[in-house]
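Asks: Could you have a look at this structure, given as structure tokens, before my questions?
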Amino acid sequence: GKGAFDHYMLKEIHNQSTSLSKTIRGRVDPDEGKVALDELDPEILDGVENVHLVACGTSYHAALFGARMLTDAGVRARVFRASEYAKMAGPTSDGTLVIPVTQSGETADTLSALRTATERDASTVTVTNVVGSTAAREADESVFIRAGPEIGVAATKTFTSQVVTLILLSQKIAAELPDASPREDLSELLAALEQIPNHIDHVVETSRAEELASRLLEYDAYFFIGRGMSRPVALEGALKFKEITYEHAEGFASGQLKHGPLALVTSQTPVFGLFTGEDAEKTVTNAKEAQTRGAEIIGVGPADGPGVAESDAYLEVPDTHPVCQNLLANIQLQLVSYHTAKQLDRAIDKPRNLAKSVTVQ
Ligand code: F6R
């Protein structure tokens, strides 16, 4: 049950330190700088030349993050919305590894993309939460995110576990491919991942998202901007917000703002700036362009980050590895969405028109 929590979503947000501990248990060795994914037969990676990630919704945002990790490690990676895969993938071969990312393992569009990949001779490794799901049964190999059952329709803890699983898988792939190599700072990243459960507890306990939400009700629209590794976090922040508050929310690459979306910015459109990771300063510059048009800027980043002084409100994340800062920023945004939806009296665990598992195309 929900226990002491008003909603499953809040319980699942709080549960992320535990679920993420399970995701990484036995899989990270910071001292050796090594990742272990025991259920994955490494032979599946023989001859891999490029990677396609396919997913829908929140899982698509996790896939974007995974693709960035692969690209940084020198692996050619592309991301597709699963519903677009058959038409947009172009030629594939047995050198293509397709990674369907799906919490439920039952999403019709993602299963369809998986079947397309198999028909086109690609090899497939699904990243899923559900052992025994259709995706797990049909893919050549599976890597499980171990987040435990998620009841809230809005994905929270499963996103966090998907991202971390994809971080680990990306480094495993990079270690096996001749032209790629794991990150030089892999030991530091793995050590930071071991610390994330503590950092999550800290964020959840100290977050000021609830008081912020009470000031931000019923504006015209809410925008979320990020760049590079924080872009998927911005997109996910906006998706979560619209799903459960029913308010208009959009996520953009921060560099995209002045190419159109800036026309929408007024004093009635708060802008959440993801000031995390190496691209934070450029996002601060873009946020200031919105602020000049009257928008309130809510920065999300470390206490001594580049956007603190510029922000009208600021949600803090621990000053850990930049990759991990993005995950912690996402948790702040989960809390913002939750508390906004709660104060608007929305049906948080079962938003209108949405289903936990979308089994039709
Ligand atoms: C958002 C959400 C959906 C799912 C999407 C894919 O909170 O839950 O966008 O992420 O329907 O579902 P899975 O991951 O089960 O394939």
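The chains in the structure tokens are called A, B, ... from first to last as shown; in each chain the residues are counted from 1, and the ligands are counted from 1 in the order shown.
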What's around region 16-33 of chain A at 6 Å? Count only C-alpha atoms, leave out sequence neighbours fewer than 2 positions away in its own chain, and write the answer as a ChimeraX atom specification.

Replies: /A:13-14,35-37,145-147,157,161,186-187,190-191,197,200

Asks: Would you export the selected residues with N, CA, C and O atoms as a PDB file, in the first residue's frame, please?

Replies:
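For reference, out.pdb as written:
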ATOM      1  N   ILE A  13       8.692   8.262  -5.332  1.00  0.00           N
ATOM      2  CA  ILE A  13       9.770   9.264  -5.359  1.00  0.00           C
ATOM      3  C   ILE A  13      10.694   9.039  -4.159  1.00  0.00           C
ATOM      4  O   ILE A  13      11.920   9.001  -4.297  1.00  0.00           O
ATOM      5  N   HIS A  14      10.092   8.852  -2.982  1.00  0.00           N
ATOM      6  CA  HIS A  14      10.897   8.622  -1.777  1.00  0.00           C
ATOM      7  C   HIS A  14      11.665   7.310  -1.832  1.00  0.00           C
ATOM      8  O   HIS A  14      12.726   7.183  -1.241  1.00  0.00           O
ATOM      9  N   VAL A  35      32.294  -2.360 -14.627  1.00  0.00           N
ATOM     10  CA  VAL A  35      30.856  -2.575 -14.538  1.00  0.00           C
ATOM     11  C   VAL A  35      30.589  -4.054 -14.788  1.00  0.00           C
ATOM     12  O   VAL A  35      31.177  -4.645 -15.684  1.00  0.00           O
ATOM     13  N   ALA A  36      29.704  -4.652 -13.992  1.00  0.00           N
ATOM     14  CA  ALA A  36      29.302  -6.044 -14.224  1.00  0.00           C
ATOM     15  C   ALA A  36      27.799  -6.090 -14.479  1.00  0.00           C
ATOM     16  O   ALA A  36      27.018  -5.538 -13.699  1.00  0.00           O
ATOM     17  N   LEU A  37      27.412  -6.700 -15.579  1.00  0.00           N
ATOM     18  CA  LEU A  37      25.985  -6.934 -15.851  1.00  0.00           C
ATOM     19  C   LEU A  37      25.856  -8.432 -16.115  1.00  0.00           C
ATOM     20  O   LEU A  37      25.939  -8.887 -17.261  1.00  0.00           O
ATOM     21  N   ILE A 145      16.261  -3.462 -14.798  1.00  0.00           N
ATOM     22  CA  ILE A 145      16.560  -2.224 -14.053  1.00  0.00           C
ATOM     23  C   ILE A 145      16.303  -2.383 -12.554  1.00  0.00           C
ATOM     24  O   ILE A 145      16.714  -1.541 -11.768  1.00  0.00           O
ATOM     25  N   ARG A 146      15.583  -3.446 -12.164  1.00  0.00           N
ATOM     26  CA  ARG A 146      15.395  -3.823 -10.748  1.00  0.00           C
ATOM     27  C   ARG A 146      14.778  -2.724  -9.892  1.00  0.00           C
ATOM     28  O   ARG A 146      15.137  -2.578  -8.711  1.00  0.00           O
ATOM     29  N   ALA A 147      13.857  -1.940 -10.464  1.00  0.00           N
ATOM     30  CA  ALA A 147      13.260  -0.842  -9.688  1.00  0.00           C
ATOM     31  C   ALA A 147      12.115  -1.313  -8.800  1.00  0.00           C
ATOM     32  O   ALA A 147      11.675  -0.571  -7.923  1.00  0.00           O
ATOM     33  N   LYS A 157      10.531   6.352 -10.239  1.00  0.00           N
ATOM     34  CA  LYS A 157      11.705   5.561  -9.855  1.00  0.00           C
ATOM     35  C   LYS A 157      12.204   4.708 -11.019  1.00  0.00           C
ATOM     36  O   LYS A 157      13.404   4.416 -11.100  1.00  0.00           O
ATOM     37  N   SER A 161      16.104   4.478 -12.466  1.00  0.00           N
ATOM     38  CA  SER A 161      16.800   3.198 -12.613  1.00  0.00           C
ATOM     39  C   SER A 161      17.134   2.884 -14.069  1.00  0.00           C
ATOM     40  O   SER A 161      18.155   2.249 -14.351  1.00  0.00           O
ATOM     41  N   LEU A 186      35.568   6.907 -15.330  1.00  0.00           N
ATOM     42  CA  LEU A 186      34.575   5.894 -14.945  1.00  0.00           C
ATOM     43  C   LEU A 186      34.633   5.557 -13.452  1.00  0.00           C
ATOM     44  O   LEU A 186      33.599   5.410 -12.804  1.00  0.00           O
ATOM     45  N   SER A 187      35.835   5.461 -12.889  1.00  0.00           N
ATOM     46  CA  SER A 187      35.931   5.156 -11.456  1.00  0.00           C
ATOM     47  C   SER A 187      35.204   6.200 -10.622  1.00  0.00           C
ATOM     48  O   SER A 187      34.468   5.871  -9.694  1.00  0.00           O
ATOM     49  N   LEU A 190      31.435   5.812 -11.084  1.00  0.00           N
ATOM     50  CA  LEU A 190      30.878   4.666 -10.350  1.00  0.00           C
ATOM     51  C   LEU A 190      30.853   4.950  -8.846  1.00  0.00           C
ATOM     52  O   LEU A 190      29.896   4.574  -8.147  1.00  0.00           O
ATOM     53  N   ALA A 191      31.885   5.629  -8.360  1.00  0.00           N
ATOM     54  CA  ALA A 191      31.894   5.993  -6.937  1.00  0.00           C
ATOM     55  C   ALA A 191      30.737   6.945  -6.640  1.00  0.00           C
ATOM     56  O   ALA A 191      30.061   6.833  -5.604  1.00  0.00           O
ATOM     57  N   PRO A 197      22.234   7.020  -3.732  1.00  0.00           N
ATOM     58  CA  PRO A 197      21.117   6.770  -2.801  1.00  0.00           C
ATOM     59  C   PRO A 197      21.116   7.763  -1.626  1.00  0.00           C
ATOM     60  O   PRO A 197      20.066   8.299  -1.276  1.00  0.00           O
ATOM     61  N   ILE A 200      19.988  11.103  -2.943  1.00  0.00           N
ATOM     62  CA  ILE A 200      18.533  11.128  -3.193  1.00  0.00           C
ATOM     63  C   ILE A 200      17.800  11.398  -1.883  1.00  0.00           C
ATOM     64  O   ILE A 200      16.906  12.256  -1.818  1.00  0.00           O
TER      65      ILE A 200
END

Asks: May I have the residues within 9 Å of ligand 1, computed using only C-alpha atoms and all ligand atoms, as a PyMOL selection string?

Replies: chain A and resi 55-61+100-111+128-129+152-156+158-159+236+239-240+243-244+354-358

Asks: Please give the complete set of residues from region 147-273 of chain A that DSSP, run on the backbone, assigns to strand (DSSP E), formatted as a PyMOL selection string.

Replies: chain A and resi 222-226+249-253+271-273

Asks: Which residues in region 19-157 of chain A does DSSP call helix (DSSP H, G or I)? List them as an MDAnalysis selection string.

Replies: chainID A and resid 19:24 42:45 57:72 82:88 108:119 134:138 157

Asks: Set the distance at 8 Å and use only C-alpha atoms: which residues neighbour Ala67 (chain A) once local chain neighbours fewer than 4 positions away are removed? I'd like the list as a PyMOL selection string.

Replies: chain A and resi 53+63+71+77-79

Asks: If we count only C-alpha atoms, what is near region 307-314 of chain A at a cut-off of 7 Å, once residues fewer than 6 positions away on the same chain are taken out, given as a list in words?

Replies: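 Close residues of region 307-314 of chain A: Phe275, Val284, Glu296, Ile297, Ile298, Gly299 and Val300 of chain A.
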
Asks: Could those selected residues go to a file with all heavy atoms, as a PDB file, in the first residue's frame?

Replies:
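Dumped everything to again_23.pdb:
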ATOM      1  N   PHE A 275      20.548  23.784 -14.545  1.00  0.00           N
ATOM      2  CA  PHE A 275      21.908  24.331 -14.467  1.00  0.00           C
ATOM      3  C   PHE A 275      22.853  23.277 -13.898  1.00  0.00           C
ATOM      4  O   PHE A 275      23.551  23.503 -12.914  1.00  0.00           O
ATOM      5  CB  PHE A 275      21.915  25.597 -13.600  1.00  0.00           C
ATOM      6  CG  PHE A 275      20.992  26.693 -14.109  1.00  0.00           C
ATOM      7  CD1 PHE A 275      20.428  27.598 -13.210  1.00  0.00           C
ATOM      8  CD2 PHE A 275      20.695  26.826 -15.457  1.00  0.00           C
ATOM      9  CE1 PHE A 275      19.594  28.619 -13.655  1.00  0.00           C
ATOM     10  CE2 PHE A 275      19.850  27.840 -15.917  1.00  0.00           C
ATOM     11  CZ  PHE A 275      19.306  28.740 -15.015  1.00  0.00           C
ATOM     12  N   VAL A 284      22.287  28.972 -18.461  1.00  0.00           N
ATOM     13  CA  VAL A 284      22.035  30.186 -17.673  1.00  0.00           C
ATOM     14  C   VAL A 284      21.855  31.383 -18.618  1.00  0.00           C
ATOM     15  O   VAL A 284      20.919  32.174 -18.468  1.00  0.00           O
ATOM     16  CB  VAL A 284      23.179  30.455 -16.671  1.00  0.00           C
ATOM     17  CG1 VAL A 284      22.993  31.802 -15.982  1.00  0.00           C
ATOM     18  CG2 VAL A 284      23.261  29.336 -15.625  1.00  0.00           C
ATOM     19  N   GLU A 296       9.912  34.217 -14.783  1.00  0.00           N
ATOM     20  CA  GLU A 296      10.599  33.859 -13.550  1.00  0.00           C
ATOM     21  C   GLU A 296      11.501  32.659 -13.845  1.00  0.00           C
ATOM     22  O   GLU A 296      11.070  31.710 -14.507  1.00  0.00           O
ATOM     23  CB  GLU A 296       9.520  33.470 -12.537  1.00  0.00           C
ATOM     24  CG  GLU A 296       9.971  33.501 -11.131  1.00  0.00           C
ATOM     25  CD  GLU A 296       8.784  33.380 -10.171  1.00  0.00           C
ATOM     26  OE1 GLU A 296       7.656  33.762 -10.540  1.00  0.00           O
ATOM     27  OE2 GLU A 296       9.012  32.875  -9.081  1.00  0.00           O
ATOM     28  N   ILE A 297      12.725  32.693 -13.354  1.00  0.00           N
ATOM     29  CA  ILE A 297      13.651  31.580 -13.585  1.00  0.00           C
ATOM     30  C   ILE A 297      13.774  30.745 -12.329  1.00  0.00           C
ATOM     31  O   ILE A 297      14.130  31.255 -11.263  1.00  0.00           O
ATOM     32  CB  ILE A 297      15.062  32.096 -13.972  1.00  0.00           C
ATOM     33  CG1 ILE A 297      14.987  32.963 -15.220  1.00  0.00           C
ATOM     34  CG2 ILE A 297      16.033  30.937 -14.173  1.00  0.00           C
ATOM     35  CD1 ILE A 297      14.341  32.313 -16.405  1.00  0.00           C
ATOM     36  N   ILE A 298      13.477  29.467 -12.459  1.00  0.00           N
ATOM     37  CA  ILE A 298      13.714  28.530 -11.358  1.00  0.00           C
ATOM     38  C   ILE A 298      14.915  27.682 -11.752  1.00  0.00           C
ATOM     39  O   ILE A 298      14.828  26.826 -12.636  1.00  0.00           O
ATOM     40  CB  ILE A 298      12.494  27.643 -11.070  1.00  0.00           C
ATOM     41  CG1 ILE A 298      11.297  28.508 -10.687  1.00  0.00           C
ATOM     42  CG2 ILE A 298      12.808  26.670  -9.933  1.00  0.00           C
ATOM     43  CD1 ILE A 298      10.278  28.628 -11.766  1.00  0.00           C
ATOM     44  N   GLY A 299      16.038  27.958 -11.123  1.00  0.00           N
ATOM     45  CA  GLY A 299      17.246  27.199 -11.423  1.00  0.00           C
ATOM     46  C   GLY A 299      17.260  25.892 -10.645  1.00  0.00           C
ATOM     47  O   GLY A 299      16.714  25.799  -9.546  1.00  0.00           O
ATOM     48  N   VAL A 300      17.878  24.883 -11.243  1.00  0.00           N
ATOM     49  CA  VAL A 300      18.106  23.618 -10.548  1.00  0.00           C
ATOM     50  C   VAL A 300      19.574  23.281 -10.733  1.00  0.00           C
ATOM     51  O   VAL A 300      20.030  23.140 -11.882  1.00  0.00           O
ATOM     52  CB  VAL A 300      17.235  22.475 -11.117  1.00  0.00           C
ATOM     53  CG1 VAL A 300      17.312  21.249 -10.206  1.00  0.00           C
ATOM     54  CG2 VAL A 300      15.786  22.905 -11.322  1.00  0.00           C
TER      55      VAL A 300
END

Asks: Show me, as a PyMOL selection string, the residues that have an atom within 10 Å of Glu84 (chain A) when counting only C-alpha atoms, minus same-chain residues fewer than 3 positions from it.

Replies: chain A and resi 54-55+80-81+87-89+109-110+113

Asks: Could you write out the selected residues, including all heavy atoms, as a short mmCIF file (atom, residue, chain, number, x, y, z; two decimals), in the first residue's frame?

Replies:
data_model
loop_
_atom_site.label_atom_id
_atom_site.label_comp_id
_atom_site.auth_asym_id
_atom_site.auth_seq_id
_atom_site.Cartn_x
_atom_site.Cartn_y
_atom_site.Cartn_z
N VAL A 54 15.42 2.55 -28.82
CA VAL A 54 14.02 2.81 -29.19
C VAL A 54 13.17 2.79 -27.93
O VAL A 54 13.35 1.94 -27.05
CB VAL A 54 13.50 1.78 -30.22
CG1 VAL A 54 14.26 1.90 -31.53
CG2 VAL A 54 13.55 0.36 -29.68
N ALA A 55 12.25 3.74 -27.82
CA ALA A 55 11.45 3.85 -26.59
C ALA A 55 10.33 4.86 -26.79
O ALA A 55 10.29 5.58 -27.80
CB ALA A 55 12.34 4.28 -25.43
N PHE A 80 15.44 6.72 -31.26
CA PHE A 80 14.19 6.85 -32.03
C PHE A 80 13.00 6.74 -31.09
O PHE A 80 13.01 5.91 -30.18
CB PHE A 80 14.07 5.71 -33.04
CG PHE A 80 15.19 5.67 -34.05
CD1 PHE A 80 16.37 4.98 -33.76
CD2 PHE A 80 15.07 6.31 -35.27
CE1 PHE A 80 17.41 4.94 -34.68
CE2 PHE A 80 16.10 6.27 -36.20
CZ PHE A 80 17.28 5.58 -35.91
N ARG A 81 11.97 7.54 -31.38
CA ARG A 81 10.68 7.22 -30.78
C ARG A 81 10.27 5.90 -31.41
O ARG A 81 10.32 5.74 -32.64
CB ARG A 81 9.68 8.33 -31.10
CG ARG A 81 10.10 9.65 -30.48
CD ARG A 81 8.98 10.64 -30.39
NE ARG A 81 9.47 11.89 -29.82
CZ ARG A 81 9.51 12.16 -28.50
NH1 ARG A 81 9.05 11.27 -27.63
NH2 ARG A 81 9.98 13.30 -28.06
N LYS A 87 10.13 3.39 -40.01
CA LYS A 87 10.27 4.28 -41.16
C LYS A 87 11.56 5.09 -41.12
O LYS A 87 12.04 5.55 -42.14
CB LYS A 87 9.07 5.24 -41.24
CG LYS A 87 7.74 4.55 -41.50
CD LYS A 87 7.62 4.08 -42.96
CE LYS A 87 6.57 3.01 -43.16
NZ LYS A 87 5.25 3.42 -42.74
N MET A 88 12.11 5.32 -39.95
CA MET A 88 13.22 6.26 -39.83
C MET A 88 14.61 5.62 -39.61
O MET A 88 15.62 6.31 -39.70
CB MET A 88 12.96 7.25 -38.69
CG MET A 88 11.88 8.27 -38.98
SD MET A 88 12.18 9.22 -40.49
CE MET A 88 13.67 10.12 -40.04
N ALA A 89 14.65 4.33 -39.32
CA ALA A 89 15.93 3.73 -38.93
C ALA A 89 16.91 3.67 -40.09
O ALA A 89 18.12 3.73 -39.90
CB ALA A 89 15.71 2.34 -38.36
N ASP A 109 4.22 0.04 -29.29
CA ASP A 109 5.14 0.65 -30.26
C ASP A 109 6.57 0.15 -30.07
O ASP A 109 7.31 -0.02 -31.04
CB ASP A 109 5.10 2.19 -30.11
CG ASP A 109 3.85 2.79 -30.73
OD1 ASP A 109 3.39 2.30 -31.78
OD2 ASP A 109 3.33 3.76 -30.16
N THR A 110 6.95 -0.05 -28.83
CA THR A 110 8.32 -0.50 -28.55
C THR A 110 8.50 -1.96 -28.98
O THR A 110 9.53 -2.32 -29.54
CB THR A 110 8.65 -0.28 -27.06
OG1 THR A 110 8.33 1.07 -26.73
CG2 THR A 110 10.12 -0.53 -26.77
N ALA A 113 8.89 -1.98 -32.70
CA ALA A 113 10.25 -1.61 -33.10
C ALA A 113 11.22 -2.76 -32.86
O ALA A 113 12.11 -3.02 -33.69
CB ALA A 113 10.69 -0.36 -32.34
#

Asks: Nearest to Gly95 (chain A): which of A:Val48, A:Leu70, A:Leu64, A:Leu257 is it, counting only C-alpha atoms?

Replies: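 Among the listed residues, the smallest separation from Gly95 (chain A) belongs to A:Val48.
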
Asks: Taking only C-alpha atoms into account, which of A:Gly305, A:Gly277, A:Pro270, A:Gly255 comes nearest Gln291 (chain A)?

Replies: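 Looking at the shortest contact to Gln291 (chain A), the residue is A:Pro270.
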
Asks: Pick out the closest residue to Ala209 (chain A) from this set: A:Leu235, A:Ala221, A:Ala122, A:Leu333. Count only C-alpha atoms.

Replies: A:Leu333

Asks: Just want the 7 Å neighbourhood of Ala73 (chain A), counted on only C-alpha atoms, with same-chain residues fewer than 4 positions away dropped. Output as a list in words.

Replies: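 Here the qualifying residues turn out to be Met69, Ala174, Ala180, Ser181, Pro182 and Arg183 of chain A.
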
Asks: Go through A:Leu168, A:Ala295, A:Val163, A:Ile173 one by one, measure the shortest atom-to-atom distance of each to Pro42 (chain A) using only C-alpha atoms, and give the residue with the smallest value.

Replies: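 For Pro42 (chain A), the nearest of the given residues is A:Ile173.
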